[in-house]
Amino acid sequence: MRFRSITAADLATCDAVIVSVAAGGSVPAVLPRALRSRAERLVKAAGIGRLYSVDTDFGAKPERLVVVGVGASAAVTSERVRRAAATGIRSLLRAKVRRVALVLDPAVESRLGAASVVAASVSGALQAVYRRESHRSKPDAAPAPRTVGLLGSAVSGAALRRGAAWGEAAVFTRRLANEPGNLMTPERVAEEARALAKETGLAIEVLEAASCRKLGMHSFLSVAQGSHTPPKLIVLRHRGRTGTGVDLALVGKGITFDTGGISIKPADGMHHMKADMTGAAAVIGAIGAVARLKVKANVIAVAPCTENMPGSAATKPGDVFTSMSGKTVEVINTDAEGRLVLIDALTYAQREGARRIVDIATLTGAIQVALGDHFSGLFGRPDAFVAHVRELAESVGDRLWPMPLTDEFRDEVRGEVADLRNQAGRPGGASKAAAFLDAVVDQKAEWAHLDIASQDWLASDKPWSSGGPQAPGVHTLIALAEEAAPSIAG
Ligand code: BES
Ligand code: MN
Ligand code: ZN
């Protein structure tokens with residue numbers, strides 16, 4: 001799919017035109033009269049995500065008009081814009097259209113900024129054509145449109161390239177998360193990262209178990225020891241400015257399959273746990289976009305990847321390990337493995353010199369209970385940094401909700417036989433997991449933790465997205481890198 005900037009005159013060469021409309025707003029005046037009145041008749045009250053799709057009956061192009069509601073104009077967000085674009089494109093997949101026009105609403109552009117609207121629309125369109133049925137012997141052929149033309153006030157080539165990089169990072173994340181556990185092993189994640197590094201000019205280093213052992217990553221390795229499949233710690237480096245130092249570190253949980261280990265999970269829904277490496281895929285995808293966009297900041301991505309399996313060599317509840325930080329951990333529950341791999345990766349990132357660190361992980365079922373699939377949990381310190389991450393996330397279409405991380409939770413993860421215990425009862429489970437990570441993060445660091453277990457998997461297809469793996473947080477990671485640079489490179 002290719003993206004370009006178009007004018008109203010180009011509409012006559014398009015097969016379909018997608019218009020998103022806010023409730024109470026008006027249909028963009030740039031549309032030719034006939035189309036506009038047709039659209040106006042369709043939208044008396046444009047509810048969120050409401051879709052109206054009709055033949056134009058003009059006997060000429062565009063033959064189809066799609067109107068998508070984005071909700072009240074005062075409450076419109078980048079996320080709504082992305083969903084509207086995705087909903088519109090998805091509604092056309094069966095219609096075999098080749099050229100589609102996406103008309104941006106000037107009121108929305110001025111509210112959110114043209115750059116945000118372009119990025120959200122392009123990312124939405126790219127994600128709309130992502131399909132998860134890659135292993136069917138007879139793939140369901142629903143061809144994507146060839147070109148998507150954006151009609152708006154400030155659609156530049158740079159804005160389109162930026163949107164495409166964002167969308168590709170999200171699709172990359174979803175593709176990796178969707179691959180079954182027997183195929184998307186730690187080695188395969190490393191191969192994907194190597195291919196991306198080669199394509200985008202990132203430096204890559206893949207640490208084998210022996211190197212991790214030398215570094216003292218016994219917490220990470222305690223998860224890996226139950227599996228025959230070797231673990232990999234993937235490190236990607238983007239050097240976007242002269243001089244040393246790391247401006248931002250991205251750390252992602254990479255459990256390529258989570259059985260729970262000896263504290264084994266129930267069978268129902270366990271196949272979703274192939275997506276327990278969404279955090280790793282997200283940081284790899286995001287740093288790929290950072291490299292493509294030549295962001296002028298030094299960024300690293302660290303992805304500890306392993307299976308979590310039961311087996312004769314697996315960790316037993318009660319076992320104690322020393323993490324790379326020097327802190328000892330009592331493993332109460334082998335299913336609380338994400339925090340075990342993350343503390344060593346967080347320590348590694350800090351040894352690399354990172355003082356601003358964001359981790360992303362499908363960490364707890366508790367965050368699902370708290371937030372449903374509408375938000376991901378946001379934790380961290382100091383408060384000002386967390387508040388900033390939340391705002392930035394909102395502006396790029398991710399929905400993060402701040403969760404408590406206080407000394408009460410820190411006290412609860414203190415161990416009886418070791419410094420830390422990896423489980424401390426169900427109540428407040430997401431905050432306890434965050435408090436566990438907190439124990440290895442330097443007091444002077446700026447740190448945010450995104451628990452995406454609520455949003456990484458959509459139970460069923462929606463108008464704006466195919467079900468299964470999603471990519472929450474990826475845009476936020478890229479935006480954090482962009483803002484670490486003095487200016488955004490196009
Ligand atoms: N990968 C799971 C969390 C998860 C749950 C992700 C649902 C996506 C959907 C994680 O490793 C886990 O098993 N967490 C346990 C922790 C508990 C044992 C302290 C949980 O949330 O039940
Ligand atoms: Mn688990
Ligand atoms: Zn897990």
# chains A, B, ... in the order shown; residues from 1 in each chain; ligands from 1
>>> closest_atom_pairs(of="region 282-381 of chain A", to="region 464-475 of chain A", cutoff="9 Å", atoms="only C-alpha atoms", output="Markdown table")
| residue | atom | partner | partner_atom | distance |
| --- | --- | --- | --- | --- |
| A:Ala282 | CA | A:Val474 | CA | 5.5 |
| A:Val283 | CA | A:Val474 | CA | 7.3 |
| A:Gly285 | CA | A:Val474 | CA | 7.6 |
| A:Ala286 | CA | A:Val474 | CA | 5.9 |
| A:Ile360 | CA | A:Gly473 | CA | 7.6 |
| A:Phe375 | CA | A:Pro472 | CA | 8.9 |
| A:Ser376 | CA | A:Pro472 | CA | 7.7 |
>>> closest_atom_pairs(of="chain A", to="ligand 1", cutoff="9 Å", atoms="only C-alpha atoms and all ligand atoms", output="tab-separated table")
residue	atom	partner	partner_atom_place_in_ligand_line	distance
A:Ile255	CA	ligand 1	1 (N)	7.8
A:Phe257	CA	ligand 1	1 (N)	8.6
A:Asp258	CA	ligand 1	1 (N)	6.1
A:Thr259	CA	ligand 1	13 (O)	8.2
A:Gly260	CA	ligand 1	13 (O)	5.9
A:Ser263	CA	ligand 1	18 (C)	8.0
A:Lys265	CA	ligand 1	13 (O)	7.6
A:Met270	CA	ligand 1	7 (C)	8.9
A:His272	CA	ligand 1	9 (C)	7.2
A:Met273	CA	ligand 1	1 (N)	6.4
A:Ala275	CA	ligand 1	8 (C)	7.7
A:Asp276	CA	ligand 1	1 (N)	5.4
A:Met277	CA	ligand 1	1 (N)	8.7
A:Asn308	CA	ligand 1	11 (O)	8.7
A:Ile332	CA	ligand 1	18 (C)	8.6
A:Asn333	CA	ligand 1	18 (C)	5.6
A:Thr334	CA	ligand 1	18 (C)	7.1
A:Asp335	CA	ligand 1	13 (O)	4.5
A:Ala336	CA	ligand 1	16 (C)	4.2
A:Glu337	CA	ligand 1	11 (O)	5.3
A:Gly338	CA	ligand 1	11 (O)	5.2
A:Arg339	CA	ligand 1	11 (O)	8.0
A:Ala361	CA	ligand 1	6 (C)	8.3
A:Thr362	CA	ligand 1	6 (C)	4.6
A:Leu363	CA	ligand 1	3 (C)	4.6
A:Thr364	CA	ligand 1	21 (O)	3.5
A:Gly365	CA	ligand 1	21 (O)	3.5
A:Ala366	CA	ligand 1	21 (O)	5.4
A:Ile367	CA	ligand 1	21 (O)	7.8
A:Gln368	CA	ligand 1	7 (C)	7.0
A:Asn422	CA	ligand 1	19 (C)	7.1
A:Gln423	CA	ligand 1	19 (C)	4.9
A:Ala424	CA	ligand 1	19 (C)	7.1
A:Gly425	CA	ligand 1	19 (C)	7.0
A:Arg426	CA	ligand 1	19 (C)	6.7
A:Gly429	CA	ligand 1	19 (C)	6.4
A:Ala430	CA	ligand 1	21 (O)	7.6
A:Lys432	CA	ligand 1	19 (C)	8.5
A:Ala433	CA	ligand 1	19 (C)	7.4
A:Asp451	CA	ligand 1	6 (C)	9.0
A:Ile452	CA	ligand 1	8 (C)	7.8
A:Ala453	CA	ligand 1	8 (C)	4.2
A:Ser454	CA	ligand 1	9 (C)	6.6
A:Gln455	CA	ligand 1	8 (C)	8.4
A:Asp456	CA	ligand 1	8 (C)	7.2
A:Trp457	CA	ligand 1	8 (C)	7.5
>>> select_by_dssp(residues="region 231-270 of chain A", states="strand (DSSP E or B)", output="PyMOL selection string")
chain A and resi 232-239+248-252+254-258
>>> write_last_selection(atoms="N, CA, C and O atoms", output="mmCIF file, in the first residue's frame")
data_model
loop_
_atom_site.group_PDB
_atom_site.id
_atom_site.type_symbol
_atom_site.label_atom_id
_atom_site.label_comp_id
_atom_site.auth_asym_id
_atom_site.auth_seq_id
_atom_site.Cartn_x
_atom_site.Cartn_y
_atom_site.Cartn_z
ATOM 1 N N LYS A 232 17.555 -15.930 24.350
ATOM 2 C CA LYS A 232 18.388 -14.897 23.698
ATOM 3 C C LYS A 232 18.066 -13.567 24.345
ATOM 4 O O LYS A 232 16.895 -13.251 24.555
ATOM 5 N N LEU A 233 19.092 -12.805 24.616
ATOM 6 C CA LEU A 233 18.877 -11.424 25.046
ATOM 7 C C LEU A 233 19.278 -10.540 23.862
ATOM 8 O O LEU A 233 20.449 -10.490 23.493
ATOM 9 N N ILE A 234 18.272 -9.913 23.272
ATOM 10 C CA ILE A 234 18.504 -9.137 22.045
ATOM 11 C C ILE A 234 18.718 -7.673 22.402
ATOM 12 O O ILE A 234 17.923 -7.087 23.135
ATOM 13 N N VAL A 235 19.809 -7.098 21.887
ATOM 14 C CA VAL A 235 20.098 -5.681 22.138
ATOM 15 C C VAL A 235 20.262 -4.976 20.794
ATOM 16 O O VAL A 235 21.074 -5.391 19.965
ATOM 17 N N LEU A 236 19.463 -3.944 20.558
ATOM 18 C CA LEU A 236 19.554 -3.148 19.333
ATOM 19 C C LEU A 236 19.965 -1.733 19.719
ATOM 20 O O LEU A 236 19.498 -1.210 20.735
ATOM 21 N N ARG A 237 20.845 -1.153 18.898
ATOM 22 C CA ARG A 237 21.318 0.203 19.213
ATOM 23 C C ARG A 237 21.131 1.123 18.018
ATOM 24 O O ARG A 237 21.551 0.803 16.914
ATOM 25 N N HIS A 238 20.507 2.260 18.288
ATOM 26 C CA HIS A 238 20.376 3.307 17.271
ATOM 27 C C HIS A 238 21.220 4.490 17.704
ATOM 28 O O HIS A 238 21.015 5.032 18.789
ATOM 29 N N ARG A 239 22.179 4.860 16.857
ATOM 30 C CA ARG A 239 23.015 6.012 17.176
ATOM 31 C C ARG A 239 22.565 7.146 16.272
ATOM 32 O O ARG A 239 22.884 7.188 15.101
ATOM 33 N N LEU A 248 17.541 7.137 25.655
ATOM 34 C CA LEU A 248 16.314 6.407 25.977
ATOM 35 C C LEU A 248 16.573 4.914 25.812
ATOM 36 O O LEU A 248 17.165 4.496 24.818
ATOM 37 N N ALA A 249 16.140 4.137 26.804
ATOM 38 C CA ALA A 249 16.209 2.674 26.674
ATOM 39 C C ALA A 249 14.789 2.119 26.663
ATOM 40 O O ALA A 249 13.943 2.527 27.472
ATOM 41 N N LEU A 250 14.540 1.198 25.729
ATOM 42 C CA LEU A 250 13.249 0.523 25.636
ATOM 43 C C LEU A 250 13.474 -0.940 26.001
ATOM 44 O O LEU A 250 14.341 -1.598 25.431
ATOM 45 N N VAL A 251 12.708 -1.435 26.955
ATOM 46 C CA VAL A 251 12.898 -2.805 27.437
ATOM 47 C C VAL A 251 11.580 -3.555 27.261
ATOM 48 O O VAL A 251 10.533 -3.078 27.712
ATOM 49 N N GLY A 252 11.611 -4.719 26.589
ATOM 50 C CA GLY A 252 10.354 -5.423 26.308
ATOM 51 C C GLY A 252 10.380 -6.887 26.714
ATOM 52 O O GLY A 252 11.317 -7.613 26.388
ATOM 53 N N GLY A 254 9.905 -10.656 26.532
ATOM 54 C CA GLY A 254 9.881 -11.543 25.372
ATOM 55 C C GLY A 254 9.689 -13.007 25.726
ATOM 56 O O GLY A 254 10.533 -13.845 25.412
ATOM 57 N N ILE A 255 8.572 -13.327 26.378
ATOM 58 C CA ILE A 255 8.286 -14.739 26.651
ATOM 59 C C ILE A 255 7.596 -15.315 25.413
ATOM 60 O O ILE A 255 6.440 -14.980 25.125
ATOM 61 N N THR A 256 8.319 -16.141 24.658
ATOM 62 C CA THR A 256 7.788 -16.599 23.375
ATOM 63 C C THR A 256 6.674 -17.620 23.557
ATOM 64 O O THR A 256 5.870 -17.819 22.657
ATOM 65 N N PHE A 257 6.626 -18.254 24.707
ATOM 66 C CA PHE A 257 5.411 -18.953 25.135
ATOM 67 C C PHE A 257 5.436 -19.090 26.651
ATOM 68 O O PHE A 257 6.438 -19.504 27.223
ATOM 69 N N ASP A 258 4.303 -18.727 27.269
ATOM 70 C CA ASP A 258 4.210 -18.772 28.727
ATOM 71 C C ASP A 258 3.232 -19.867 29.159
ATOM 72 O O ASP A 258 2.025 -19.664 29.149
#
>>> closest_residue(among="A:Glu40, A:Asp15, A:Ile287, A:Gly88", to="Phe58 (chain A)", atoms="only C-alpha atoms")
A:Asp15
>>> closest_residue(among="A:Ala115, A:Cys14, A:Ile264, A:Val302", to="Pro145 (chain A)", atoms="only C-alpha atoms")
A:Cys14
>>> closest_residue(among="A:Thr185, A:Thr173, A:Gln350, A:Thr87", to="Ser227 (chain A)", atoms="only C-alpha atoms")
A:Thr185
>>> residues_around(residues="Glu352 (chain A)", least_positions_apart="2", cutoff="10 Å", atoms="only C-alpha atoms", output="PyMOL selection string")
chain A and resi 245-246+249+300+346-350+354-355
>>> residues_around(residues="Ala481 (chain A)", least_positions_apart="5", cutoff="9 Å", atoms="only C-alpha atoms", output="mmCIF file with N, CA, C and O atoms, in the first residue's frame")
data_model
loop_
_atom_site.group_PDB
_atom_site.id
_atom_site.type_symbol
_atom_site.label_atom_id
_atom_site.label_comp_id
_atom_site.auth_asym_id
_atom_site.auth_seq_id
_atom_site.Cartn_x
_atom_site.Cartn_y
_atom_site.Cartn_z
ATOM 1 N N ASP A 247 20.084 8.096 25.369
ATOM 2 C CA ASP A 247 19.027 9.054 25.717
ATOM 3 C C ASP A 247 17.748 8.351 26.167
ATOM 4 O O ASP A 247 16.965 8.905 26.930
ATOM 5 N N LEU A 248 17.541 7.137 25.655
ATOM 6 C CA LEU A 248 16.314 6.407 25.977
ATOM 7 C C LEU A 248 16.573 4.914 25.812
ATOM 8 O O LEU A 248 17.165 4.496 24.818
ATOM 9 N N ALA A 249 16.140 4.137 26.804
ATOM 10 C CA ALA A 249 16.209 2.674 26.674
ATOM 11 C C ALA A 249 14.789 2.119 26.663
ATOM 12 O O ALA A 249 13.943 2.527 27.472
ATOM 13 N N ILE A 287 12.146 0.595 17.693
ATOM 14 C CA ILE A 287 13.496 1.107 17.404
ATOM 15 C C ILE A 287 13.783 1.016 15.899
ATOM 16 O O ILE A 287 14.548 1.820 15.352
ATOM 17 N N VAL A 290 12.442 4.188 14.685
ATOM 18 C CA VAL A 290 13.351 5.257 15.116
ATOM 19 C C VAL A 290 14.536 5.346 14.135
ATOM 20 O O VAL A 290 14.961 6.443 13.747
ATOM 21 N N VAL A 295 15.926 9.414 13.736
ATOM 22 C CA VAL A 295 15.706 10.253 14.914
ATOM 23 C C VAL A 295 17.054 10.589 15.544
ATOM 24 O O VAL A 295 17.905 9.710 15.724
ATOM 25 N N LYS A 296 17.249 11.877 15.861
ATOM 26 C CA LYS A 296 18.567 12.323 16.335
ATOM 27 C C LYS A 296 18.752 12.103 17.833
ATOM 28 O O LYS A 296 18.977 13.047 18.603
ATOM 29 N N ALA A 297 18.642 10.864 18.241
ATOM 30 C CA ALA A 297 18.850 10.526 19.650
ATOM 31 C C ALA A 297 19.501 9.151 19.693
ATOM 32 O O ALA A 297 19.371 8.368 18.749
ATOM 33 N N ASN A 298 20.205 8.883 20.789
ATOM 34 C CA ASN A 298 20.764 7.546 20.978
ATOM 35 C C ASN A 298 19.756 6.702 21.766
ATOM 36 O O ASN A 298 19.385 7.048 22.884
ATOM 37 N N VAL A 299 19.323 5.619 21.135
ATOM 38 C CA VAL A 299 18.270 4.795 21.734
ATOM 39 C C VAL A 299 18.730 3.342 21.729
ATOM 40 O O VAL A 299 19.364 2.893 20.766
ATOM 41 N N THR A 476 3.790 5.164 21.308
ATOM 42 C CA THR A 476 4.316 5.935 22.440
ATOM 43 C C THR A 476 5.837 5.779 22.534
ATOM 44 O O THR A 476 6.560 6.747 22.800
#
>>> closest_residue(among="A:Arg33, A:Arg50, A:Lys198, A:Arg90", to="Val21 (chain A)", atoms="only C-alpha atoms")
A:Arg50
>>> residues_around(residues="Ala86 (chain A)", least_positions_apart="5", cutoff="6 Å", atoms="only C-alpha atoms", output="PyMOL selection string")
chain A and resi 124-125+128+464
>>> write_last_selection(atoms="C-alpha atoms", output="compact mmCIF listing (two decimals), in the first residue's frame")
# COMPACT_ATOMS: atom_id res chain seq x y z
CA GLY A 124 -4.61 3.07 10.95
CA ALA A 125 -4.72 2.26 7.25
CA ALA A 128 -6.34 -2.22 8.80
CA TRP A 464 -11.25 -1.22 13.18
>>> atom_distance(atom1="CA of Leu202 (chain A)", atom2="CA of Ser222 (chain A)")
29.4 Å
>>> atom_distance(atom1="CA of Arg64 (chain A)", atom2="CA of Gly149 (chain A)")
14.8 Å
>>> select_by_dssp(residues="region 77-229 of chain A", states="helix (DSSP H, G or I)", output="JSON, numbers by chain")
{"A": [78, 79, 80, 81, 82, 83, 84, 85, 86, 87, 88, 89, 90, 91, 92, 93, 94, 95, 106, 107, 108, 109, 110, 111, 112, 114, 115, 116, 117, 118, 119, 120, 121, 122, 123, 124, 125, 126, 127, 128, 157, 158, 159, 160, 161, 162, 163, 164, 165, 166, 167, 168, 169, 170, 171, 172, 173, 174, 175, 176, 177, 178, 186, 187, 188, 189, 190, 191, 192, 193, 194, 195, 196, 197, 198, 199, 200, 209, 210, 211, 212, 213, 214, 218, 219, 220, 221, 222, 223, 224]}
>>> closest_residue(among="A:Pro139, A:Gly353, A:Gly261, A:Gly415", to="ligand 3", atoms="only C-alpha atoms and all ligand atoms")
A:Gly261
>>> atom_distance(atom1="CA of Arg98 (chain A)", atom2="CA of Pro143 (chain A)")
8.6 Å
>>> residues_around(residues="Arg41 (chain A)", least_positions_apart="2", cutoff="12 Å", atoms="only C-alpha atoms", output="list in words")
Ser26, Val27, Ala34, Leu35, Arg36, Ser37, Arg38, Ala39, Val43, Lys44, Ala45, Ala46, Tyr52, Val54, Leu65 and Val67 of chain A
>>> closest_residue(among="A:Gly288, A:Lys316, A:Asp407, A:Thr278", to="Leu450 (chain A)", atoms="only C-alpha atoms")
A:Thr278
